[in-house]
There are 2 protein chains.
Amino acid sequence: MISSIAELISDRIGMMPAGERRAAQTLIANYPLIGLKTVAEFSAVAGVSSPTILRFVARLGFQNYPEFQSALQDELAAQLQSPASRTLNPPALGGGAVSPMLEATLDNMRETFRHLSDKQLADIVAKLADRRGKTFLIGGRFTDPLARYMAAHLAIVQPNVFHLAGQESVWRDRLIDMGKRDVLVIFDIRRYQDSLIRFAETAHQRGVQIVLFTDQWLSPIARFARHVIAGRTAVPSAWDSSAALFVVAETLIGAVTRQLEADGAKRIRELESLR
Amino acid sequence: MISSIAELISDRIGMMPAGERRAAQTLIANYPLIGLKTVAEFSAVAGVSSPTILRFVARLGFQNYPEFQSALQDELAAQLQSPASRTLNPPALGGGAVSPMLEATLDNMRETFRHLSDKQLADIVAKLADRRGKTFLIGGRFTDPLARYMAAHLAIVQPNVFHLAGQESVWRDRLIDMGKRDVLVIFDIRRYQDSLIRFAETAHQRGVQIVLFTDQWLSPIARFARHVIAGRTAVPSAWDSSAALFVVAETLIGAVTRQLEADGAKRIRELESLR
DNA sequence: TAAAATACGTAACATACGATACAGCGCTCC
DNA sequence: GGAGCGCTGTATCGTATGTTACGTATTTTA
């Protein structure tokens, strides 16, 4: 049962030639407003010619472009009439195996943030934005990409940000550079890695402040951590989800950036000019 | 301060002659869709003549009818972009400053999945789970961690999964290994990287099927992509958010794993015993 | 009540829009 | 490697659309 044009498109997008597929993707990405504009504008945004747009709507089963636009408008009208429908029926799209995954992830995030206090976040932000020390980031097998992601951003807004990669022996040696003023951000969820635990313990002994991203079961590293962020990871999948931790990381990245801007960090202003 | 056309109308409706007032009332009653239709339709519904409609929009301060329609569309676009502002949980949980960041992120995810069909995801999953070809993953400056994350998982459930890291010249050379049966998963959001675009184009020419993770503005790579996943990235932060794409990635990881299990892949059973 | 001013609709006009024919190109399949 | 097919863009065409001029109706004011 096809009830919306968006569904109709995704149903047939596989059978479309390249140009029309671009049109379809553009429409989906700017749904539905781009479809209400003129063929010329639509084609310009999609990067194809006008006839391709017309062939695209023809393939969807419409006799002509105005008819297609009317259909879009009718759909919009129905949507606007019942604002609830947007939030309630996850427009039938989520029917299959997708929706439970998304729902669980959204729940995880809400739960994760519910257990996070503003105070806690503020403390971490203050520490991360404190430019007197260095910041090191590291993660486990599956979470190291999160460390990389965070490092990639933080390294831009401030100096002395280092992602610890590669062999265990390599980052063990970096311990020499770490001291009391420094922060070590560790991502560690089940199954917790011994190497990370040992590393955290040694760093802790050197007085390094540890910010730990872990799951609700808490990695043993929590014992050494100054700040612990416990994210929900349960989803209907064979794997645990790091999405909640990812969002916390992004939140921190944004907050640290804002903080540094507020501090009037010269670096931020210089960055602007470099762009 | 007049912020919407509806307000503008109610502000001036008192000063309008009868005919134009009918037009105004009709527009308010069918706001805003009737204004997106043609002058003739609008006038017919309002029960006035075309020129009256045009005089009406002129009185609102618009130079011509298309300009008026554009303004309505822009307004609609703003409304549709942030469903949170109107429809979603107002204060919901009393959680103080529960981070507008989180709210925006949750919205982004819902919106992203709303534009994703099961069919589309199923197609991608089928391709990724097709063990006859190789899978390559690569990302941009900020999104490469997502590629790593996905690669870390996929590489466990199936062979021939490669994350392309390091210098551009390094992965360019890997093009030799790529052919029609292979899949290239690319993460590319603003600002789109030339190196990635060139790489994608070459891979496309070699017949490699490209799965693109991008933002709602669509990387130019969409032109070469077999499948495009457009994730919402807007958040109240100095940075764009990749969280929605992250969740899509996790969803795909889970689905591919399930698919391979269903296929009875020996590898999966062997994995179990290794743990 | 008459005259003037304003408002409104009819009809003709010009433009810009959607539609179509056609040619070039790449791809697939012998 | 060649022939055929399908896809795409360019250029052209017809028309629906917004626009405007003008005449009639309606209201307002003296």
# chains A, B, ... in the order shown; residues from 1 in each chain; ligands from 1
>>> interface_residues(of="chain C", to="chain A", cutoff="10 Å", atoms="only C-alpha atoms (C1' of nucleotides)", output="ChimeraX atom specification")
/C:17-20
>>> write_last_selection(atoms="all heavy atoms", output="short mmCIF file (atom, residue, chain, number, x, y, z; two decimals), in the first residue's frame")
data_model
loop_
_atom_site.label_atom_id
_atom_site.label_comp_id
_atom_site.auth_asym_id
_atom_site.auth_seq_id
_atom_site.Cartn_x
_atom_site.Cartn_y
_atom_site.Cartn_z
P DC C 17 9.15 30.88 -14.87
OP1 DC C 17 9.06 31.55 -13.57
OP2 DC C 17 10.45 30.67 -15.53
"O5'" DC C 17 8.40 29.50 -14.77
"C5'" DC C 17 6.98 29.47 -14.75
"C4'" DC C 17 6.45 28.44 -15.70
"O4'" DC C 17 6.54 28.94 -17.05
"C3'" DC C 17 7.24 27.13 -15.73
"O3'" DC C 17 6.60 26.18 -14.90
"C2'" DC C 17 7.23 26.72 -17.21
"C1'" DC C 17 6.48 27.81 -17.91
N1 DC C 17 7.05 28.20 -19.23
C2 DC C 17 6.33 27.95 -20.41
O2 DC C 17 5.22 27.41 -20.33
N3 DC C 17 6.87 28.31 -21.61
C4 DC C 17 8.08 28.89 -21.64
N4 DC C 17 8.55 29.23 -22.83
C5 DC C 17 8.82 29.15 -20.46
C6 DC C 17 8.28 28.79 -19.29
P DG C 18 7.23 24.76 -14.65
OP1 DG C 18 6.79 24.27 -13.33
OP2 DG C 18 8.66 24.87 -14.96
"O5'" DG C 18 6.53 23.89 -15.77
"C5'" DG C 18 5.11 23.78 -15.77
"C4'" DG C 18 4.63 23.14 -17.05
"O4'" DG C 18 5.14 23.86 -18.19
"C3'" DG C 18 5.06 21.68 -17.26
"O3'" DG C 18 3.97 20.97 -17.84
"C2'" DG C 18 6.23 21.81 -18.22
"C1'" DG C 18 5.80 22.98 -19.07
N9 DG C 18 6.90 23.73 -19.69
C8 DG C 18 8.01 24.23 -19.07
N7 DG C 18 8.81 24.87 -19.88
C5 DG C 18 8.18 24.79 -21.11
C6 DG C 18 8.57 25.30 -22.37
O6 DG C 18 9.57 25.95 -22.65
N1 DG C 18 7.64 25.00 -23.37
C2 DG C 18 6.48 24.29 -23.16
N2 DG C 18 5.70 24.10 -24.23
N3 DG C 18 6.10 23.81 -21.98
C4 DG C 18 7.00 24.09 -21.01
P DA C 19 4.11 19.41 -18.09
OP1 DA C 19 2.80 18.77 -17.83
OP2 DA C 19 5.31 18.91 -17.38
"O5'" DA C 19 4.39 19.35 -19.65
"C5'" DA C 19 3.35 19.76 -20.52
"C4'" DA C 19 3.81 19.64 -21.97
"O4'" DA C 19 4.89 20.56 -22.20
"C3'" DA C 19 4.31 18.25 -22.37
"O3'" DA C 19 3.63 17.84 -23.54
"C2'" DA C 19 5.81 18.45 -22.62
"C1'" DA C 19 5.90 19.91 -22.97
N9 DA C 19 7.16 20.54 -22.59
C8 DA C 19 7.73 20.58 -21.35
N7 DA C 19 8.87 21.23 -21.30
C5 DA C 19 9.08 21.63 -22.62
C6 DA C 19 10.11 22.35 -23.24
N6 DA C 19 11.16 22.84 -22.58
N1 DA C 19 10.00 22.58 -24.57
C2 DA C 19 8.93 22.11 -25.22
N3 DA C 19 7.89 21.41 -24.75
C4 DA C 19 8.03 21.21 -23.42
P DT C 20 3.84 16.35 -24.08
OP1 DT C 20 2.55 15.94 -24.62
OP2 DT C 20 4.53 15.55 -23.05
"O5'" DT C 20 4.86 16.57 -25.28
"C5'" DT C 20 4.59 17.60 -26.25
"C4'" DT C 20 5.70 17.67 -27.27
"O4'" DT C 20 6.83 18.42 -26.73
"C3'" DT C 20 6.28 16.31 -27.69
"O3'" DT C 20 6.44 16.32 -29.10
"C2'" DT C 20 7.62 16.26 -26.99
"C1'" DT C 20 8.01 17.73 -27.02
N1 DT C 20 9.02 18.11 -26.00
C2 DT C 20 10.06 18.92 -26.40
O2 DT C 20 10.19 19.35 -27.53
N3 DT C 20 10.95 19.24 -25.38
C4 DT C 20 10.90 18.80 -24.08
O4 DT C 20 11.75 19.14 -23.26
C5 DT C 20 9.79 17.94 -23.75
C7 DT C 20 9.64 17.41 -22.35
C6 DT C 20 8.92 17.65 -24.72
#
>>> residues_around(residues="D:DG4", least_positions_apart="5", cutoff="10 Å", atoms="only C-alpha atoms (C1' of nucleotides)", output="PyMOL selection string")
chain C and resi 28-30
>>> write_last_selection(atoms="all heavy atoms", output="compact mmCIF listing (two decimals), in the first residue's frame")
# COMPACT_ATOMS: atom_id res chain seq x y z
P DT C 28 26.82 -1.26 -18.86
OP1 DT C 28 26.44 -1.50 -17.45
OP2 DT C 28 28.23 -1.38 -19.28
O5' DT C 28 25.96 -2.21 -19.79
C5' DT C 28 24.56 -1.94 -19.96
C4' DT C 28 24.00 -2.79 -21.08
O4' DT C 28 24.46 -2.29 -22.36
C3' DT C 28 24.42 -4.26 -21.03
O3' DT C 28 23.26 -5.06 -21.20
C2' DT C 28 25.42 -4.40 -22.17
C1' DT C 28 24.94 -3.36 -23.15
N1 DT C 28 25.98 -2.82 -24.07
C2 DT C 28 25.75 -2.82 -25.42
O2 DT C 28 24.72 -3.24 -25.93
N3 DT C 28 26.77 -2.28 -26.17
C4 DT C 28 27.97 -1.76 -25.72
O4 DT C 28 28.80 -1.31 -26.49
C5 DT C 28 28.14 -1.81 -24.29
C7 DT C 28 29.41 -1.28 -23.68
C6 DT C 28 27.16 -2.32 -23.54
P DC C 29 23.28 -6.63 -20.84
OP1 DC C 29 22.05 -6.91 -20.07
OP2 DC C 29 24.60 -6.99 -20.30
O5' DC C 29 23.13 -7.30 -22.27
C5' DC C 29 22.23 -6.72 -23.22
C4' DC C 29 22.57 -7.23 -24.61
O4' DC C 29 23.68 -6.47 -25.16
C3' DC C 29 23.00 -8.70 -24.66
O3' DC C 29 22.34 -9.33 -25.74
C2' DC C 29 24.51 -8.62 -24.85
C1' DC C 29 24.62 -7.36 -25.72
N1 DC C 29 25.95 -6.71 -25.68
C2 DC C 29 26.47 -6.13 -26.84
O2 DC C 29 25.80 -6.17 -27.87
N3 DC C 29 27.69 -5.55 -26.79
C4 DC C 29 28.38 -5.52 -25.64
N4 DC C 29 29.57 -4.93 -25.65
C5 DC C 29 27.87 -6.10 -24.45
C6 DC C 29 26.67 -6.68 -24.51
P DC C 30 21.97 -10.88 -25.64
OP1 DC C 30 20.53 -10.95 -25.34
OP2 DC C 30 22.95 -11.54 -24.75
O5' DC C 30 22.19 -11.47 -27.10
C5' DC C 30 23.50 -11.54 -27.61
C4' DC C 30 23.59 -10.87 -28.96
O4' DC C 30 24.48 -9.73 -28.82
C3' DC C 30 24.17 -11.73 -30.06
O3' DC C 30 23.70 -11.30 -31.30
C2' DC C 30 25.67 -11.48 -29.90
C1' DC C 30 25.71 -10.00 -29.50
N1 DC C 30 26.82 -9.65 -28.58
C2 DC C 30 27.90 -8.91 -29.06
O2 DC C 30 27.91 -8.56 -30.25
N3 DC C 30 28.93 -8.60 -28.20
C4 DC C 30 28.86 -8.98 -26.93
N4 DC C 30 29.88 -8.65 -26.14
C5 DC C 30 27.77 -9.73 -26.44
C6 DC C 30 26.77 -10.05 -27.27
>>> closest_atom_pairs(of="chain A", to="chain D", cutoff="10 Å", atoms="only C-alpha atoms (C1' of nucleotides)", output="JSON lines")
{"residue": "A:Pro17", "atom": "CA", "partner": "D:DC7", "partner_atom": "C1'", "distance": 7.2}
{"residue": "A:Ala18", "atom": "CA", "partner": "D:DC7", "partner_atom": "C1'", "distance": 8.5}
{"residue": "A:Gly19", "atom": "CA", "partner": "D:DT8", "partner_atom": "C1'", "distance": 7.6}
{"residue": "A:Glu20", "atom": "CA", "partner": "D:DC7", "partner_atom": "C1'", "distance": 9.7}
{"residue": "A:Val48", "atom": "CA", "partner": "D:DG9", "partner_atom": "C1'", "distance": 8.5}
{"residue": "A:Ser49", "atom": "CA", "partner": "D:DG9", "partner_atom": "C1'", "distance": 6.4}
{"residue": "A:Ser50", "atom": "CA", "partner": "D:DG9", "partner_atom": "C1'", "distance": 8.8}
{"residue": "A:Pro51", "atom": "CA", "partner": "D:DG9", "partner_atom": "C1'", "distance": 8.2}
{"residue": "A:Thr52", "atom": "CA", "partner": "D:DT8", "partner_atom": "C1'", "distance": 7.3}
>>> write_last_selection(atoms="all heavy atoms", output="PDB file, in the first residue's frame")
ATOM      1  N   PRO A  17      16.804   5.309 -14.035  1.00  0.00           N
ATOM      2  CA  PRO A  17      18.124   5.643 -14.577  1.00  0.00           C
ATOM      3  C   PRO A  17      18.776   6.728 -13.719  1.00  0.00           C
ATOM      4  O   PRO A  17      18.104   7.395 -12.934  1.00  0.00           O
ATOM      5  CB  PRO A  17      17.815   6.157 -15.983  1.00  0.00           C
ATOM      6  CG  PRO A  17      16.369   6.520 -15.954  1.00  0.00           C
ATOM      7  CD  PRO A  17      15.717   5.640 -14.952  1.00  0.00           C
ATOM      8  N   ALA A  18      20.040   6.910 -13.937  1.00  0.00           N
ATOM      9  CA  ALA A  18      20.847   7.764 -13.065  1.00  0.00           C
ATOM     10  C   ALA A  18      20.283   9.174 -12.895  1.00  0.00           C
ATOM     11  O   ALA A  18      20.165   9.668 -11.778  1.00  0.00           O
ATOM     12  CB  ALA A  18      22.267   7.831 -13.597  1.00  0.00           C
ATOM     13  N   GLY A  19      19.949   9.810 -13.994  1.00  0.00           N
ATOM     14  CA  GLY A  19      19.479  11.193 -13.925  1.00  0.00           C
ATOM     15  C   GLY A  19      18.212  11.320 -13.124  1.00  0.00           C
ATOM     16  O   GLY A  19      18.092  12.187 -12.259  1.00  0.00           O
ATOM     17  N   GLU A  20      17.275  10.448 -13.398  1.00  0.00           N
ATOM     18  CA  GLU A  20      16.010  10.514 -12.669  1.00  0.00           C
ATOM     19  C   GLU A  20      16.220  10.179 -11.206  1.00  0.00           C
ATOM     20  O   GLU A  20      15.528  10.707 -10.325  1.00  0.00           O
ATOM     21  CB  GLU A  20      15.003   9.562 -13.303  1.00  0.00           C
ATOM     22  CG  GLU A  20      14.673   9.969 -14.728  1.00  0.00           C
ATOM     23  CD  GLU A  20      13.711   8.988 -15.390  1.00  0.00           C
ATOM     24  OE1 GLU A  20      12.865   8.429 -14.695  1.00  0.00           O
ATOM     25  OE2 GLU A  20      13.841   8.795 -16.609  1.00  0.00           O
ATOM     26  N   VAL A  48      20.208  18.334 -13.104  1.00  0.00           N
ATOM     27  CA  VAL A  48      19.844  17.649 -14.349  1.00  0.00           C
ATOM     28  C   VAL A  48      19.028  18.611 -15.206  1.00  0.00           C
ATOM     29  O   VAL A  48      18.779  19.744 -14.813  1.00  0.00           O
ATOM     30  CB  VAL A  48      19.014  16.370 -14.068  1.00  0.00           C
ATOM     31  CG1 VAL A  48      19.829  15.368 -13.271  1.00  0.00           C
ATOM     32  CG2 VAL A  48      17.734  16.720 -13.346  1.00  0.00           C
ATOM     33  N   SER A  49      18.620  18.149 -16.354  1.00  0.00           N
ATOM     34  CA  SER A  49      17.866  19.038 -17.243  1.00  0.00           C
ATOM     35  C   SER A  49      16.372  18.952 -16.961  1.00  0.00           C
ATOM     36  O   SER A  49      15.910  18.021 -16.304  1.00  0.00           O
ATOM     37  CB  SER A  49      18.131  18.670 -18.694  1.00  0.00           C
ATOM     38  OG  SER A  49      17.595  17.399 -18.951  1.00  0.00           O
ATOM     39  N   SER A  50      15.654  19.923 -17.470  1.00  0.00           N
ATOM     40  CA  SER A  50      14.210  19.963 -17.257  1.00  0.00           C
ATOM     41  C   SER A  50      13.498  18.697 -17.733  1.00  0.00           C
ATOM     42  O   SER A  50      12.687  18.135 -17.001  1.00  0.00           O
ATOM     43  CB  SER A  50      13.603  21.188 -17.943  1.00  0.00           C
ATOM     44  OG  SER A  50      14.214  22.358 -17.468  1.00  0.00           O
ATOM     45  N   PRO A  51      13.792  18.245 -18.917  1.00  0.00           N
ATOM     46  CA  PRO A  51      13.087  17.039 -19.377  1.00  0.00           C
ATOM     47  C   PRO A  51      13.281  15.850 -18.454  1.00  0.00           C
ATOM     48  O   PRO A  51      12.377  15.015 -18.308  1.00  0.00           O
ATOM     49  CB  PRO A  51      13.716  16.779 -20.748  1.00  0.00           C
ATOM     50  CG  PRO A  51      14.164  18.116 -21.207  1.00  0.00           C
ATOM     51  CD  PRO A  51      14.623  18.826 -19.970  1.00  0.00           C
ATOM     52  N   THR A  52      14.449  15.769 -17.842  1.00  0.00           N
ATOM     53  CA  THR A  52      14.677  14.656 -16.922  1.00  0.00           C
ATOM     54  C   THR A  52      13.711  14.732 -15.736  1.00  0.00           C
ATOM     55  O   THR A  52      13.185  13.713 -15.283  1.00  0.00           O
ATOM     56  CB  THR A  52      16.134  14.681 -16.416  1.00  0.00           C
ATOM     57  OG1 THR A  52      17.004  14.523 -17.526  1.00  0.00           O
ATOM     58  CG2 THR A  52      16.381  13.556 -15.432  1.00  0.00           C
TER      59      THR A  52
END
>>> interface_residues(of="chain B", to="chain A", cutoff="8 Å", atoms="only C-alpha atoms", output="ChimeraX atom specification")
/B:33,73,77,87-88,95,97-98,101-102,105-106,113-120,141-146,148-149,152-153,216-218,222-223,228,230,237-239,241,243,246-247,250-251,254-255,257-258
>>> write_last_selection(atoms="C-alpha atoms", output="short mmCIF file (atom, residue, chain, number, x, y, z; two decimals), in the first residue's frame")
data_model
loop_
_atom_site.label_atom_id
_atom_site.label_comp_id
_atom_site.auth_asym_id
_atom_site.auth_seq_id
_atom_site.Cartn_x
_atom_site.Cartn_y
_atom_site.Cartn_z
CA LEU B 33 -1.68 26.04 0.54
CA GLN B 73 7.23 28.51 0.59
CA ALA B 77 10.20 25.28 4.69
CA THR B 87 4.55 19.62 17.15
CA LEU B 88 6.97 17.90 19.42
CA GLY B 95 14.74 18.51 32.74
CA ALA B 97 18.15 22.91 30.00
CA VAL B 98 17.97 19.42 28.61
CA MET B 101 21.42 20.06 21.33
CA LEU B 102 19.77 16.80 22.28
CA THR B 105 19.64 15.70 17.43
CA LEU B 106 16.57 13.62 18.16
CA PHE B 113 14.59 8.09 9.06
CA ARG B 114 11.39 9.60 7.83
CA HIS B 115 13.07 10.10 4.49
CA LEU B 116 14.51 6.62 4.46
CA SER B 117 12.43 3.79 3.18
CA ASP B 118 12.68 0.18 4.21
CA LYS B 119 13.15 -0.66 0.58
CA GLN B 120 16.14 1.58 0.26
CA ARG B 141 37.78 14.90 7.65
CA PHE B 142 35.11 14.59 10.33
CA THR B 143 33.23 11.61 9.07
CA ASP B 144 36.04 9.18 8.58
CA PRO B 145 35.54 7.95 12.15
CA LEU B 146 32.07 6.85 11.07
CA ARG B 148 36.00 3.32 10.71
CA TYR B 149 33.18 2.49 13.07
CA ALA B 152 35.17 -2.27 12.48
CA HIS B 153 31.84 -4.04 12.74
CA GLN B 216 20.58 17.05 3.45
CA TRP B 217 22.37 19.26 0.95
CA LEU B 218 23.76 16.22 -0.82
CA ALA B 222 25.40 11.84 -5.05
CA ARG B 223 25.82 12.10 -8.77
CA VAL B 228 22.21 8.00 -1.12
CA ALA B 230 20.81 12.01 3.41
CA SER B 237 26.38 24.27 17.59
CA ALA B 238 29.32 25.59 15.70
CA TRP B 239 29.63 22.16 14.13
CA SER B 241 26.11 16.84 13.70
CA ALA B 243 24.72 11.69 14.87
CA PHE B 246 25.84 7.42 12.88
CA VAL B 247 22.52 5.89 13.80
CA GLU B 250 24.44 1.33 13.24
CA THR B 251 21.11 0.32 11.80
CA GLY B 254 22.72 -4.55 12.67
CA ALA B 255 20.71 -5.37 9.58
CA THR B 257 24.60 -8.91 10.60
CA ARG B 258 21.07 -10.24 10.81
#
>>> select_by_dssp(residues="stretch 54-218 of chain B", states="strand (DSSP E or B)", output="list in words")
Thr135, Phe136, Leu137, Ile138, Gly139, Val161, Phe162, His163, Val183, Leu184, Val185, Ile186, Phe187, Asp188, Gln209, Ile210, Val211, Leu212, Phe213, Thr214 and Asp215 of chain B
>>> atom_distance(atom1="atom CA of A:Gln193", atom2="atom CA of A:Leu137")
15.4 Å
>>> calpha_fit_rmsd(fixed="chain B", moving="chain A")
18.5 Å
>>> decode(residues="stretch 3-24 of chain C", atoms="C-alpha atoms (C1' of nucleotides)", output="tab-separated table (two decimals), in the first residue's frame")
chain	number	residue	atom	x	y	z
C	3	DA	C1'	-21.28	63.78	-8.86
C	4	DA	C1'	-16.93	61.88	-7.79
C	5	DA	C1'	-14.02	58.48	-6.20
C	6	DT	C1'	-13.10	54.02	-5.26
C	7	DA	C1'	-13.56	49.16	-6.08
C	8	DC	C1'	-14.25	45.35	-9.00
C	9	DG	C1'	-14.55	42.41	-13.09
C	10	DT	C1'	-13.89	41.58	-18.22
C	11	DA	C1'	-10.88	41.06	-21.72
C	12	DA	C1'	-6.60	41.49	-24.14
C	13	DC	C1'	-1.66	40.95	-23.62
C	14	DA	C1'	3.13	39.27	-22.79
C	15	DT	C1'	5.86	36.31	-20.48
C	16	DA	C1'	7.54	32.35	-18.58
C	17	DC	C1'	6.48	27.81	-17.91
C	18	DG	C1'	5.80	22.98	-19.07
C	19	DA	C1'	5.90	19.91	-22.97
C	20	DT	C1'	8.01	17.73	-27.02
C	21	DA	C1'	10.94	16.56	-30.92
C	22	DC	C1'	15.44	15.36	-31.96
C	23	DA	C1'	20.22	14.49	-31.80
C	24	DG	C1'	24.31	12.96	-29.29
